[in-house]
file target-v7.cif (mmCIF, C-alpha atoms and all ligand atoms)
data_final
#
loop_
_atom_site.label_atom_id
_atom_site.label_comp_id
_atom_site.auth_asym_id
_atom_site.auth_seq_id
_atom_site.Cartn_x
_atom_site.Cartn_y
_atom_site.Cartn_z
CA MET L 7 13.52 0.33 24.68
CA ILE L 8 11.48 3.34 25.78
CA GLY L 9 8.75 4.53 23.39
CA ILE L 10 7.77 8.18 23.13
CA VAL L 11 4.61 9.30 21.34
CA GLY L 12 4.73 12.88 20.09
CA ALA L 13 7.82 14.62 18.74
CA GLY L 14 6.90 18.00 20.14
CA ALA L 15 9.20 19.98 22.39
CA PHE L 16 8.64 17.82 25.47
CA GLY L 17 8.65 14.39 23.86
CA THR L 18 11.82 15.23 21.95
CA ALA L 19 13.52 16.64 25.06
CA LEU L 20 12.73 13.47 27.02
CA ALA L 21 14.03 11.35 24.14
CA VAL L 22 17.28 13.32 24.09
CA ALA L 23 17.76 13.20 27.88
CA LEU L 24 17.15 9.44 28.04
CA GLY L 25 19.06 8.76 24.82
CA ARG L 26 22.11 10.61 26.11
CA GLU L 27 22.29 8.08 28.93
CA GLY L 28 22.55 5.36 26.31
CA ARG L 29 18.97 4.17 26.71
CA ALA L 30 17.33 3.01 23.49
CA VAL L 31 14.46 5.36 22.63
CA THR L 32 11.96 5.14 19.79
CA LEU L 33 10.33 8.50 19.09
CA TRP L 34 7.03 8.36 17.20
CA ALA L 35 5.50 11.25 15.26
CA ARG L 36 2.35 11.16 13.13
CA ASP L 37 3.78 13.11 10.21
CA GLY L 38 5.96 10.94 7.94
CA ALA L 39 7.69 13.95 6.39
CA HIS L 40 8.64 15.23 9.84
CA VAL L 41 9.98 11.80 10.78
CA ALA L 42 12.04 11.64 7.58
CA GLU L 43 13.47 15.09 8.27
CA MET L 44 14.39 14.15 11.85
CA ALA L 45 16.01 10.93 10.62
CA ARG L 46 18.07 12.88 8.06
CA THR L 47 19.12 15.80 10.26
CA ARG L 48 19.26 13.92 13.60
CA ALA L 49 17.45 16.87 15.19
CA ASN L 50 13.99 18.35 15.58
CA ALA L 51 14.64 21.86 14.33
CA GLY L 52 11.01 22.97 14.56
CA ARG L 53 10.42 22.10 18.23
CA LEU L 54 13.86 21.83 19.80
CA PRO L 55 16.33 23.80 17.70
CA GLY L 56 20.06 23.36 18.24
CA VAL L 57 19.83 19.99 20.02
CA ALA L 58 21.49 17.00 18.33
CA PHE L 59 19.95 13.54 18.71
CA PRO L 60 22.14 10.93 20.42
CA ASP L 61 22.69 7.75 18.42
CA SER L 62 20.35 5.72 20.63
CA ILE L 63 17.24 7.57 19.35
CA THR L 64 15.28 5.96 16.51
CA VAL L 65 12.47 7.92 14.89
CA THR L 66 9.39 6.34 13.35
CA ALA L 67 5.93 7.05 11.97
CA GLY L 68 4.82 3.45 12.64
CA ILE L 69 3.12 3.04 15.98
CA ALA L 70 3.71 -0.74 15.84
CA ASP L 71 7.42 0.02 16.33
CA LEU L 72 6.60 0.81 19.97
CA LYS L 73 5.20 -2.68 20.59
CA GLN L 74 8.34 -3.89 22.37
CA ALA L 75 8.71 -0.77 24.54
CA GLU L 76 9.16 -1.25 28.29
CA ALA L 77 7.01 1.86 28.67
CA VAL L 78 5.42 4.33 26.27
CA LEU L 79 5.45 8.02 27.19
CA LEU L 80 2.47 9.90 25.75
CA SER L 81 3.73 13.42 25.14
CA LEU L 82 0.82 14.94 23.24
CA PRO L 83 -1.23 18.07 23.89
CA MET L 84 -4.01 17.19 26.34
CA GLN L 85 -6.86 17.84 23.91
CA ALA L 86 -5.28 15.42 21.38
CA LEU L 87 -4.85 12.51 23.82
CA ARG L 88 -8.39 11.06 23.71
CA GLY L 89 -8.49 10.90 19.91
CA PHE L 90 -5.01 9.44 19.71
CA LEU L 91 -5.92 6.64 22.15
CA GLN L 92 -9.12 5.86 20.27
CA HIS L 93 -7.16 5.43 17.04
CA ASN L 94 -4.38 3.34 18.57
CA PRO L 95 -5.98 0.49 20.55
CA GLY L 96 -2.81 -1.58 20.05
CA LEU L 97 -1.20 0.25 22.96
CA ASN L 98 -3.59 -1.46 25.40
CA GLY L 99 -1.52 -3.64 27.75
CA GLN L 100 1.70 -1.63 27.58
CA PRO L 101 2.77 0.59 30.51
CA LEU L 102 1.60 4.08 29.49
CA VAL L 103 2.97 7.26 31.04
CA ALA L 104 1.03 10.45 30.41
CA CYS L 105 3.26 13.47 29.92
CA CYS L 106 0.50 15.98 29.30
CA LYS L 107 -0.93 18.60 31.60
CA GLY L 108 -4.61 19.39 31.43
CA VAL L 109 -8.22 18.29 31.61
CA ASP L 110 -10.07 16.93 28.58
CA LEU L 111 -12.72 19.47 27.58
CA LEU L 112 -15.31 16.94 26.45
CA THR L 113 -15.13 14.36 29.24
CA LEU L 114 -13.63 16.51 32.04
CA LYS L 115 -11.19 13.65 32.64
CA GLY L 116 -7.47 13.95 33.33
CA PRO L 117 -4.86 12.10 31.26
CA THR L 118 -4.61 8.92 33.34
CA ALA L 119 -8.40 8.48 33.43
CA LEU L 120 -8.51 8.83 29.65
CA ILE L 121 -5.76 6.24 29.30
CA ALA L 122 -7.42 3.85 31.75
CA ALA L 123 -10.70 4.12 29.85
CA ALA L 124 -9.10 3.44 26.46
CA CYS L 125 -6.42 0.96 27.59
CA PRO L 126 -7.80 -0.93 30.60
CA ASN L 127 -4.99 -3.52 30.53
CA SER L 128 -2.22 -0.95 30.81
CA VAL L 129 -0.38 0.20 33.92
CA THR L 130 -0.82 3.98 33.94
CA ALA L 131 1.31 6.79 35.32
CA ILE L 132 1.80 10.49 34.92
CA LEU L 133 5.09 12.36 34.61
CA THR L 134 4.68 16.00 35.56
CA GLY L 135 6.36 18.86 37.39
CA PRO L 136 8.46 21.97 36.76
CA SER L 137 10.46 21.42 33.58
CA PHE L 138 10.98 23.33 30.38
CA ALA L 139 11.80 21.11 27.42
CA ALA L 140 14.77 23.29 26.48
CA ASP L 141 16.26 22.89 29.99
CA ILE L 142 15.83 19.11 29.96
CA ALA L 143 17.36 18.86 26.49
CA ARG L 144 20.39 20.91 27.57
CA GLY L 145 20.97 18.51 30.46
CA LEU L 146 20.20 21.12 33.12
CA PRO L 147 19.10 19.71 36.50
CA THR L 148 15.36 19.02 36.62
CA ALA L 149 13.12 17.32 39.18
CA LEU L 150 9.76 15.83 38.24
CA THR L 151 6.98 13.85 39.87
CA LEU L 152 6.11 10.37 38.66
CA ALA L 153 2.66 9.43 39.95
CA SER L 154 1.36 5.88 39.71
CA ALA L 155 -0.21 3.23 41.90
CA ASP L 156 3.15 1.41 41.78
CA GLY L 157 5.75 3.50 39.96
CA GLU L 158 9.06 2.25 41.33
CA ALA L 159 10.20 0.43 38.18
CA LEU L 160 9.16 3.37 36.00
CA GLN L 161 10.96 5.78 38.33
CA HIS L 162 14.24 3.95 37.77
CA LEU L 163 13.64 3.45 34.06
CA LEU L 164 13.04 7.17 33.43
CA SER L 165 15.45 8.89 35.85
CA THR L 166 18.86 10.16 34.77
CA PRO L 167 21.55 12.00 36.75
CA THR L 168 20.04 15.35 35.69
CA LEU L 169 16.40 14.27 35.36
CA ARG L 170 15.40 13.28 38.88
CA LEU L 171 12.00 11.64 39.33
CA TYR L 172 10.25 11.69 42.70
CA ARG L 173 7.51 9.10 43.19
CA THR L 174 3.99 9.42 44.57
CA THR L 175 0.84 7.31 44.51
CA ASP L 176 -1.36 10.42 44.51
CA VAL L 177 -2.10 10.38 40.79
CA ILE L 178 -5.08 12.73 40.94
CA GLY L 179 -3.10 15.28 42.97
CA ALA L 180 -0.11 15.19 40.63
CA GLU L 181 -2.14 15.54 37.47
CA LEU L 182 -4.39 18.26 38.85
CA GLY L 183 -1.35 20.26 39.99
CA GLY L 184 0.02 20.26 36.45
CA ALA L 185 -3.35 21.02 34.87
CA LEU L 186 -4.46 23.80 37.20
CA LYS L 187 -1.15 25.66 37.40
CA ASN L 188 -1.31 26.37 33.66
CA VAL L 189 -4.55 28.32 34.16
CA ILE L 190 -3.02 30.34 36.98
CA ALA L 191 0.06 30.94 34.80
CA ILE L 192 -2.19 32.49 32.14
CA ALA L 193 -3.66 34.69 34.86
CA ALA L 194 -0.17 35.66 36.06
CA GLY L 195 0.69 36.59 32.49
CA VAL L 196 -2.46 38.71 32.26
CA VAL L 197 -1.44 40.55 35.43
CA MET L 198 2.02 41.28 34.07
CA GLY L 199 0.80 42.11 30.55
CA ALA L 200 -1.73 44.54 31.97
CA GLY L 201 1.03 46.23 33.98
CA LEU L 202 -0.42 45.43 37.42
CA GLY L 203 3.01 44.67 38.91
CA ASP L 204 4.98 42.02 40.79
CA SER L 205 3.02 42.39 44.04
CA ALA L 206 -0.24 41.71 42.23
CA ARG L 207 1.31 38.63 40.60
CA ALA L 208 2.39 37.28 44.01
CA ALA L 209 -1.14 37.80 45.32
CA LEU L 210 -2.60 36.12 42.24
CA MET L 211 -0.27 33.12 42.55
CA THR L 212 -1.12 32.69 46.23
CA ARG L 213 -4.87 32.94 45.74
CA GLY L 214 -4.54 30.77 42.63
CA TYR L 215 -2.77 28.13 44.66
CA ALA L 216 -5.60 28.27 47.23
CA GLU L 217 -8.17 27.48 44.56
CA MET L 218 -5.98 24.73 43.08
CA VAL L 219 -5.83 23.03 46.49
CA ARG L 220 -9.57 23.54 47.05
CA LEU L 221 -10.58 21.71 43.88
CA ALA L 222 -7.90 19.04 44.13
CA GLN L 223 -8.83 18.12 47.70
CA ALA L 224 -12.51 17.95 46.75
CA LEU L 225 -11.52 15.44 44.07
CA GLY L 226 -9.57 13.29 46.53
CA ALA L 227 -6.03 14.66 46.16
CA ARG L 228 -3.68 15.10 49.10
CA ALA L 229 -2.81 18.70 49.99
CA GLU L 230 0.89 17.80 50.34
CA THR L 231 0.99 16.65 46.71
CA LEU L 232 -0.17 20.10 45.65
CA ALA L 233 2.61 21.57 47.81
CA GLY L 234 5.19 19.50 45.90
CA LEU L 235 6.88 19.65 42.51
CA SER L 236 3.75 18.94 40.48
CA GLY L 237 1.72 21.74 42.12
CA PHE L 238 3.54 24.54 43.91
CA GLY L 239 6.84 23.84 42.11
CA ASP L 240 5.35 24.03 38.64
CA LEU L 241 3.13 26.97 39.60
CA VAL L 242 6.19 29.01 40.57
CA LEU L 243 8.09 28.09 37.40
CA THR L 244 5.25 28.74 35.02
CA CYS L 245 4.02 31.98 36.60
CA THR L 246 7.47 33.57 36.67
CA SER L 247 9.19 32.58 33.44
CA ALA L 248 8.76 33.99 29.96
CA GLN L 249 9.80 30.54 28.71
CA SER L 250 6.27 29.45 29.59
CA ARG L 251 3.81 29.50 26.71
CA ASN L 252 0.88 29.77 29.13
CA PHE L 253 2.47 32.79 30.78
CA ARG L 254 3.27 34.44 27.43
CA PHE L 255 -0.27 33.81 26.18
CA GLY L 256 -1.61 35.53 29.31
CA GLN L 257 0.82 38.42 28.85
CA ALA L 258 -0.48 38.96 25.32
CA LEU L 259 -4.08 38.79 26.59
CA GLY L 260 -3.30 41.34 29.31
CA ALA L 261 -1.60 43.66 26.86
CA GLY L 262 -4.43 43.38 24.33
CA GLN L 263 -2.16 41.72 21.78
CA GLY L 264 -2.67 38.67 19.55
CA PHE L 265 -0.94 35.32 20.08
CA ASP L 266 0.20 32.67 17.57
CA PRO L 267 -2.70 30.15 17.53
CA THR L 268 -0.37 27.28 16.57
CA VAL L 269 1.48 27.45 19.91
CA THR L 270 0.38 24.84 22.47
CA VAL L 271 -1.29 26.67 25.40
CA GLU L 272 -2.70 23.90 27.59
CA GLY L 273 -4.27 26.23 30.16
CA ALA L 274 -6.74 27.73 27.67
CA ALA L 275 -8.94 24.65 27.15
CA THR L 276 -8.27 23.47 30.70
CA ALA L 277 -9.60 26.77 32.11
CA LYS L 278 -12.96 26.06 30.45
CA ALA L 279 -12.96 22.42 31.52
CA VAL L 280 -12.10 23.26 35.13
CA HIS L 281 -14.62 26.08 35.25
CA ASN L 282 -17.33 23.61 34.17
CA MET L 283 -16.11 21.00 36.65
CA ALA L 284 -15.95 23.45 39.57
CA LYS L 285 -19.39 24.82 38.74
CA SER L 286 -20.95 21.36 38.75
CA MET L 287 -19.29 20.68 42.13
CA ASP L 288 -20.24 24.10 43.53
CA ILE L 289 -16.61 24.97 44.22
CA ASP L 290 -15.45 28.59 44.09
CA MET L 291 -12.60 29.08 41.59
CA PRO L 292 -12.77 32.80 40.81
CA ILE L 293 -9.44 33.12 38.99
CA THR L 294 -9.99 30.07 36.80
CA SER L 295 -13.54 31.15 35.97
CA MET L 296 -12.33 34.65 35.12
CA ILE L 297 -9.67 33.30 32.77
CA ALA L 298 -12.20 31.00 31.08
CA ALA L 299 -14.57 33.94 30.55
CA LEU L 300 -11.78 36.22 29.33
CA ILE L 301 -10.55 33.69 26.77
CA ASP L 302 -14.13 33.19 25.56
CA ASN L 303 -14.60 36.98 25.24
CA GLN L 304 -17.47 36.84 27.70
CA ILE L 305 -15.87 39.65 29.70
CA THR L 306 -13.35 42.37 28.97
CA LEU L 307 -10.01 42.69 30.72
CA PRO L 308 -11.08 45.73 32.80
CA GLN L 309 -14.21 43.84 33.86
CA ALA L 310 -12.12 40.80 34.89
CA ILE L 311 -9.73 42.91 36.96
CA THR L 312 -12.54 44.84 38.63
CA ALA L 313 -14.44 41.64 39.44
CA LEU L 314 -11.42 40.07 41.13
CA LEU L 315 -10.55 43.21 43.10
CA THR L 316 -14.09 43.82 44.31
CA ARG L 317 -14.80 40.36 45.69
CA PRO L 318 -16.12 40.45 49.27
CA LEU L 319 -13.38 40.85 51.89
CA LYS L 320 -12.87 37.59 53.80
CA GLN L 321 -10.45 35.63 55.97
CA GLU L 322 -7.33 34.31 54.28
N1 LIG N 401 7.31 22.06 26.29
C1 LIG N 401 7.57 21.94 27.60
O1 LIG N 401 8.46 22.62 28.14
C2 LIG N 401 6.77 20.96 28.44
C3 LIG N 401 7.24 20.62 29.70
C4 LIG N 401 6.50 19.76 30.50
C5 LIG N 401 5.32 19.24 30.02
N2 LIG N 401 4.87 19.58 28.81
C6 LIG N 401 3.59 19.02 28.37
O2 LIG N 401 3.81 18.15 27.27
C7 LIG N 401 2.63 18.12 26.46
C8 LIG N 401 3.07 18.30 25.01
O3 LIG N 401 3.61 19.62 24.93
P1 LIG N 401 4.78 20.02 23.93
O4 LIG N 401 5.48 21.16 24.53
O5 LIG N 401 5.59 18.85 23.51
O6 LIG N 401 3.88 20.53 22.71
P2 LIG N 401 4.34 20.85 21.23
O7 LIG N 401 3.35 21.82 20.72
O8 LIG N 401 5.78 21.23 21.18
O9 LIG N 401 4.19 19.46 20.48
C9 LIG N 401 3.02 18.72 20.42
C10 LIG N 401 3.25 17.58 19.45
O10 LIG N 401 2.09 16.76 19.44
C11 LIG N 401 1.78 16.47 18.08
N3 LIG N 401 0.34 16.24 18.00
C12 LIG N 401 -0.65 17.14 18.17
N4 LIG N 401 -1.84 16.54 18.01
C13 LIG N 401 -1.59 15.24 17.73
C14 LIG N 401 -2.42 14.13 17.44
N5 LIG N 401 -3.73 14.23 17.41
N6 LIG N 401 -1.82 12.94 17.19
C15 LIG N 401 -0.49 12.84 17.20
N7 LIG N 401 0.35 13.86 17.44
C16 LIG N 401 -0.20 15.05 17.71
C17 LIG N 401 2.23 17.69 17.30
O11 LIG N 401 2.45 17.35 15.94
C18 LIG N 401 3.50 18.05 18.03
O12 LIG N 401 4.60 17.35 17.51
C19 LIG N 401 1.72 19.24 26.97
O13 LIG N 401 0.67 18.70 27.71
C20 LIG N 401 2.63 20.08 27.86
O14 LIG N 401 1.93 20.68 28.94
C21 LIG N 401 5.57 20.42 27.99
O1 LIG N 402 5.37 26.34 28.26
P1 LIG N 402 4.29 25.87 29.20
O2 LIG N 402 3.54 27.01 29.79
O3 LIG N 402 3.42 24.83 28.57
O4 LIG N 402 5.03 25.19 30.44
C1 LIG N 402 5.83 24.08 30.25
C2 LIG N 402 5.87 23.21 31.48
O5 LIG N 402 4.57 22.81 31.85
C3 LIG N 402 6.57 23.85 32.65
O6 LIG N 402 6.69 22.91 33.69
#

call {"tool": "encode", "arguments": {"input": "target-v7.cif", "output": "structure tokens", "more": "lines below"}}
Ligand SMILES: NC(=O)c1ccc[n+]([C@@H]2O[C@H](COP(=O)([O-])OP(=O)(O)OC[C@H]3O[C@@H](n4cnc5c(N)ncnc54)[C@H](O)[C@@H]3O)[C@@H](O)[C@H]2O)c1
Ligand SMILES: O=P(O)(O)OC[C@H](O)CO
result
Amino acid sequence: MIGIVGAGAFGTALAVALGREGRAVTLWARDGAHVAEMARTRANAGRLPGVAFPDSITVTAGIADLKQAEAVLLSLPMQALRGFLQHNPGLNGQPLVACCKGVDLLTLKGPTALIAAACPNSVTAILTGPSFAADIARGLPTALTLASADGEALQHLLSTPTLRLYRTTDVIGAELGGALKNVIAIAAGVVMGAGLGDSARAALMTRGYAEMVRLAQALGARAETLAGLSGFGDLVLTCTSAQSRNFRFGQALGAGQGFDPTVTVEGAATAKAVHNMAKSMDIDMPITSMIAALIDNQITLPQAITALLTRPLKQE
């Protein structure tokens, strides 16, 4: 049995994709009423409308029901992961696969470091890469990165004919790719929302990628990991699709409009965390820092655009 923590869009989509292949999946959610509704309707109308649960999915509000899982996928928003782990020490010892993208604002740790700190007896991994929950749930072809010190068994456990997992041991590179691209996706949304055009977005994505690689390499990641699915691949997807919540949040910011605060926008907190991290390491991340300042209302949109366009001319 595969355990999944978090019945949001992504956790539910993974449950459906794996369940459709006949694999037994237990999907945990914290809210008993939500679990009861999913059990009754065999769907998660709030997060993944129009997708029926295969028979092999069981839903539960009891975390102990995941005790026998071959692996537990943690599909929670990044800023909720640390608290969840603190309150559920019983997971220690089980293989734990982070499915979240971001950096914890308080500790400046990524998901696998948080898991390793809370559950030192667990094998840890991260599943990341370009994938919208709705696409996965519809059975559309998707390729992801599974990063772990030794992820071969997990790769086979979690791959399906339409959900193809590529394996790497560069955990830090894979998780930073997923975390940092969300910040650049907000910036790409700002560019489009402010009406600066497709050429400006391409420039932003390219310079954004340069700063992603700069920080990741300084933290020990391999540049080729950033060039793969979890970095470049996810950057392209998220910066160019209105399916992305990070992109849509940026669009609203750029257009001076409000945005539903209940929608998960991982890049917002991660922008602040990465800005703090880069500052302490004396690494230049102008786009990320601009987005952090913009979200915090420390600068206005015209000021942000002017600051980026008037940076000293330099070699590419
Ligand atoms: N949605 C996608 O297309 C997609 C694709 C790839 C990766 N991801 C990643 O998956 C992670 C989860 O995103 P999502 O889209 O499923 O978000 P979501 O907003 O759809 O769902 C988040 C779920 O987590 C639950 N939750 C929040 N705080 C919790 C807590 N403290 N304890 C227990 N449960 C809690 C919520 O009730 C909700 O069910 C994010 O890091 C995101 O970047 C999402
Ligand atoms: O909707 P977003 O912006 O959280 O993006 C979802 C996934 O990360 C895309 O790979």

call {"tool": "residues_around", "arguments": {"input": "target-v7.cif", "residues": "region 203-217 of chain L", "least_positions_apart": "5", "cutoff": "7 Å", "atoms": "all atoms listed in the file", "output": "list in words"}}
result
Ile190, Ala194, Val197, Met198, Met291 and Ile293 of chain L

call {"tool": "residues_around", "arguments": {"input": "target-v7.cif", "residues": "region 173-175 of chain L", "least_positions_apart": "6", "cutoff": "10 Å", "atoms": "all atoms listed in the file", "output": "list in words"}}
result
Ala131, Ile132, Leu133, Leu150, Thr151, Leu152, Ala153, Ser154, Ala155, Asp156, Gly157, Glu158, Leu160, Gln161 and Thr231 of chain L

call {"tool": "closest_residue", "arguments": {"input": "target-v7.cif", "among": "L:Gln223, L:Thr134, L:Gln249, L:Ser295", "to": "Ala279 (chain L)", "atoms": "all atoms listed in the file"}}
result
L:Ser295

call {"tool": "atom_distance", "arguments": {"input": "target-v7.cif", "atom1": "CA of Arg48 (chain L)", "atom2": "CA of Arg144 (chain L)"}}
result
15.7 Å

call {"tool": "closest_residue", "arguments": {"input": "target-v7.cif", "among": "L:Ala159, L:Cys245, L:Leu235, L:Val269", "to": "ligand LIG 401 (chain N)", "atoms": "all atoms listed in the file"}}
result
L:Val269

call {"tool": "closest_residue", "arguments": {"input": "target-v7.cif", "among": "L:Ala229, L:Ala51, L:Leu300, L:Met287", "to": "ligand LIG 401 (chain N)", "atoms": "all atoms listed in the file"}}
result
L:Ala51

call {"tool": "residues_near_point", "arguments": {"input": "target-v7.cif", "point": "(0.1, 16.1, 31.8)", "cutoff": "10 Å", "atoms": "only C-alpha atoms", "output": "CSV table (one decimal) with C-alpha atoms, keeping the file's coordinate frame"}}
result
chain,number,residue,atom,x,y,z
L,80,LEU,CA,2.5,9.9,25.8
L,81,SER,CA,3.7,13.4,25.1
L,82,LEU,CA,0.8,14.9,23.2
L,83,PRO,CA,-1.2,18.1,23.9
L,84,MET,CA,-4.0,17.2,26.3
L,103,VAL,CA,3.0,7.3,31.0
L,104,ALA,CA,1.0,10.4,30.4
L,105,CYS,CA,3.3,13.5,29.9
L,106,CYS,CA,0.5,16.0,29.3
L,107,LYS,CA,-0.9,18.6,31.6
L,108,GLY,CA,-4.6,19.4,31.4
L,109,VAL,CA,-8.2,18.3,31.6
L,116,GLY,CA,-7.5,14.0,33.3
L,117,PRO,CA,-4.9,12.1,31.3
L,118,THR,CA,-4.6,8.9,33.3
L,132,ILE,CA,1.8,10.5,34.9
L,133,LEU,CA,5.1,12.4,34.6
L,134,THR,CA,4.7,16.0,35.6
L,135,GLY,CA,6.4,18.9,37.4
L,180,ALA,CA,-0.1,15.2,40.6
L,181,GLU,CA,-2.1,15.5,37.5
L,182,LEU,CA,-4.4,18.3,38.8
L,183,GLY,CA,-1.4,20.3,40.0
L,184,GLY,CA,0.0,20.3,36.4
L,185,ALA,CA,-3.4,21.0,34.9
L,236,SER,CA,3.8,18.9,40.5
L,272,GLU,CA,-2.7,23.9,27.6

call {"tool": "closest_atom_pairs", "arguments": {"input": "target-v7.cif", "of": "chain L", "to": "ligand LIG 402 (chain N)", "cutoff": "6 Å", "atoms": "only C-alpha atoms and all ligand atoms", "output": "JSON lines"}}
result
{"residue": "L:Gly135", "atom": "CA", "partner": "N:LIG402", "partner_atom": "O6", "distance": 5.5}
{"residue": "L:Pro136", "atom": "CA", "partner": "N:LIG402", "partner_atom": "O6", "distance": 3.7}
{"residue": "L:Ser137", "atom": "CA", "partner": "N:LIG402", "partner_atom": "O6", "distance": 4.1}
{"residue": "L:Phe138", "atom": "CA", "partner": "N:LIG402", "partner_atom": "C3", "distance": 5.0}
{"residue": "L:Asp240", "atom": "CA", "partner": "N:LIG402", "partner_atom": "O6", "distance": 5.2}
{"residue": "L:Thr244", "atom": "CA", "partner": "N:LIG402", "partner_atom": "C3", "distance": 5.6}
{"residue": "L:Ser250", "atom": "CA", "partner": "N:LIG402", "partner_atom": "O1", "distance": 3.5}
{"residue": "L:Arg251", "atom": "CA", "partner": "N:LIG402", "partner_atom": "O1", "distance": 3.8}
{"residue": "L:Asn252", "atom": "CA", "partner": "N:LIG402", "partner_atom": "O2", "distance": 3.9}
{"residue": "L:Phe253", "atom": "CA", "partner": "N:LIG402", "partner_atom": "O2", "distance": 6.0}
{"residue": "L:Val271", "atom": "CA", "partner": "N:LIG402", "partner_atom": "O3", "distance": 6.0}

call {"tool": "axis_aligned_box", "arguments": {"input": "target-v7.cif", "around": "ligand LIG 401 (chain N)", "padding_each_side": "8 Å", "output": "lines of an AutoDock Vina configuration file"}}
result
center_x = 2.4
center_y = 17.7
center_z = 23.2
size_x = 28.2
size_y = 25.8
size_z = 30.6

call {"tool": "residues_around", "arguments": {"input": "target-v7.cif", "residues": "Pro95 (chain L)", "least_positions_apart": "4", "cutoff": "9 Å", "atoms": "all atoms listed in the file", "output": "ChimeraX atom specification"}}
result
/L:91,124-125

call {"tool": "atom_distance", "arguments": {"input": "target-v7.cif", "atom1": "CA of Ile301 (chain L)", "atom2": "CA of Leu186 (chain L)"}}
result
15.6 Å

call {"tool": "closest_residue", "arguments": {"input": "target-v7.cif", "among": "L:Leu163, L:Ile8, L:Leu20, L:Ala313", "to": "Gln74 (chain L)", "atoms": "all atoms listed in the file"}}
result
L:Ile8

call {"tool": "build_atoms", "arguments": {"input": "target-v7.cif", "residues": "region 35-50 of chain L", "atoms": "N, CA and C atoms", "output": "compact mmCIF listing (two decimals), in the frame of the given file"}}
result
# COMPACT_ATOMS: atom_id res chain seq x y z
N ALA L 35 6.25 10.05 15.65
CA ALA L 35 5.50 11.25 15.26
C ALA L 35 4.53 10.86 14.16
N ARG L 36 3.40 11.57 14.08
CA ARG L 36 2.35 11.16 13.13
C ARG L 36 2.68 11.54 11.69
N ASP L 37 3.52 12.55 11.52
CA ASP L 37 3.78 13.11 10.21
C ASP L 37 5.04 12.47 9.60
N GLY L 38 4.84 11.66 8.55
CA GLY L 38 5.96 10.94 7.94
C GLY L 38 7.06 11.86 7.44
N ALA L 39 6.68 13.02 6.91
CA ALA L 39 7.69 13.95 6.39
C ALA L 39 8.55 14.48 7.54
N HIS L 40 7.90 14.74 8.66
CA HIS L 40 8.64 15.23 9.84
C HIS L 40 9.60 14.15 10.33
N VAL L 41 9.13 12.91 10.34
CA VAL L 41 9.98 11.80 10.78
C VAL L 41 11.19 11.66 9.85
N ALA L 42 10.94 11.76 8.54
CA ALA L 42 12.04 11.64 7.58
C ALA L 42 13.06 12.76 7.78
N GLU L 43 12.56 13.96 8.05
CA GLU L 43 13.47 15.09 8.27
C GLU L 43 14.31 14.88 9.55
N MET L 44 13.64 14.40 10.60
CA MET L 44 14.39 14.15 11.85
C MET L 44 15.44 13.05 11.64
N ALA L 45 15.07 12.03 10.86
CA ALA L 45 16.01 10.93 10.62
C ALA L 45 17.22 11.44 9.83
N ARG L 46 16.97 12.36 8.91
CA ARG L 46 18.07 12.88 8.06
C ARG L 46 18.96 13.84 8.82
N THR L 47 18.33 14.74 9.60
CA THR L 47 19.12 15.80 10.26
C THR L 47 19.58 15.41 11.66
N ARG L 48 19.01 14.34 12.21
CA ARG L 48 19.26 13.92 13.60
C ARG L 48 18.99 15.07 14.57
N ALA L 49 17.88 15.75 14.33
CA ALA L 49 17.45 16.87 15.19
C ALA L 49 15.98 17.13 14.92
N ASN L 50 15.37 17.92 15.78
CA ASN L 50 13.99 18.35 15.58
C ASN L 50 14.00 19.88 15.58
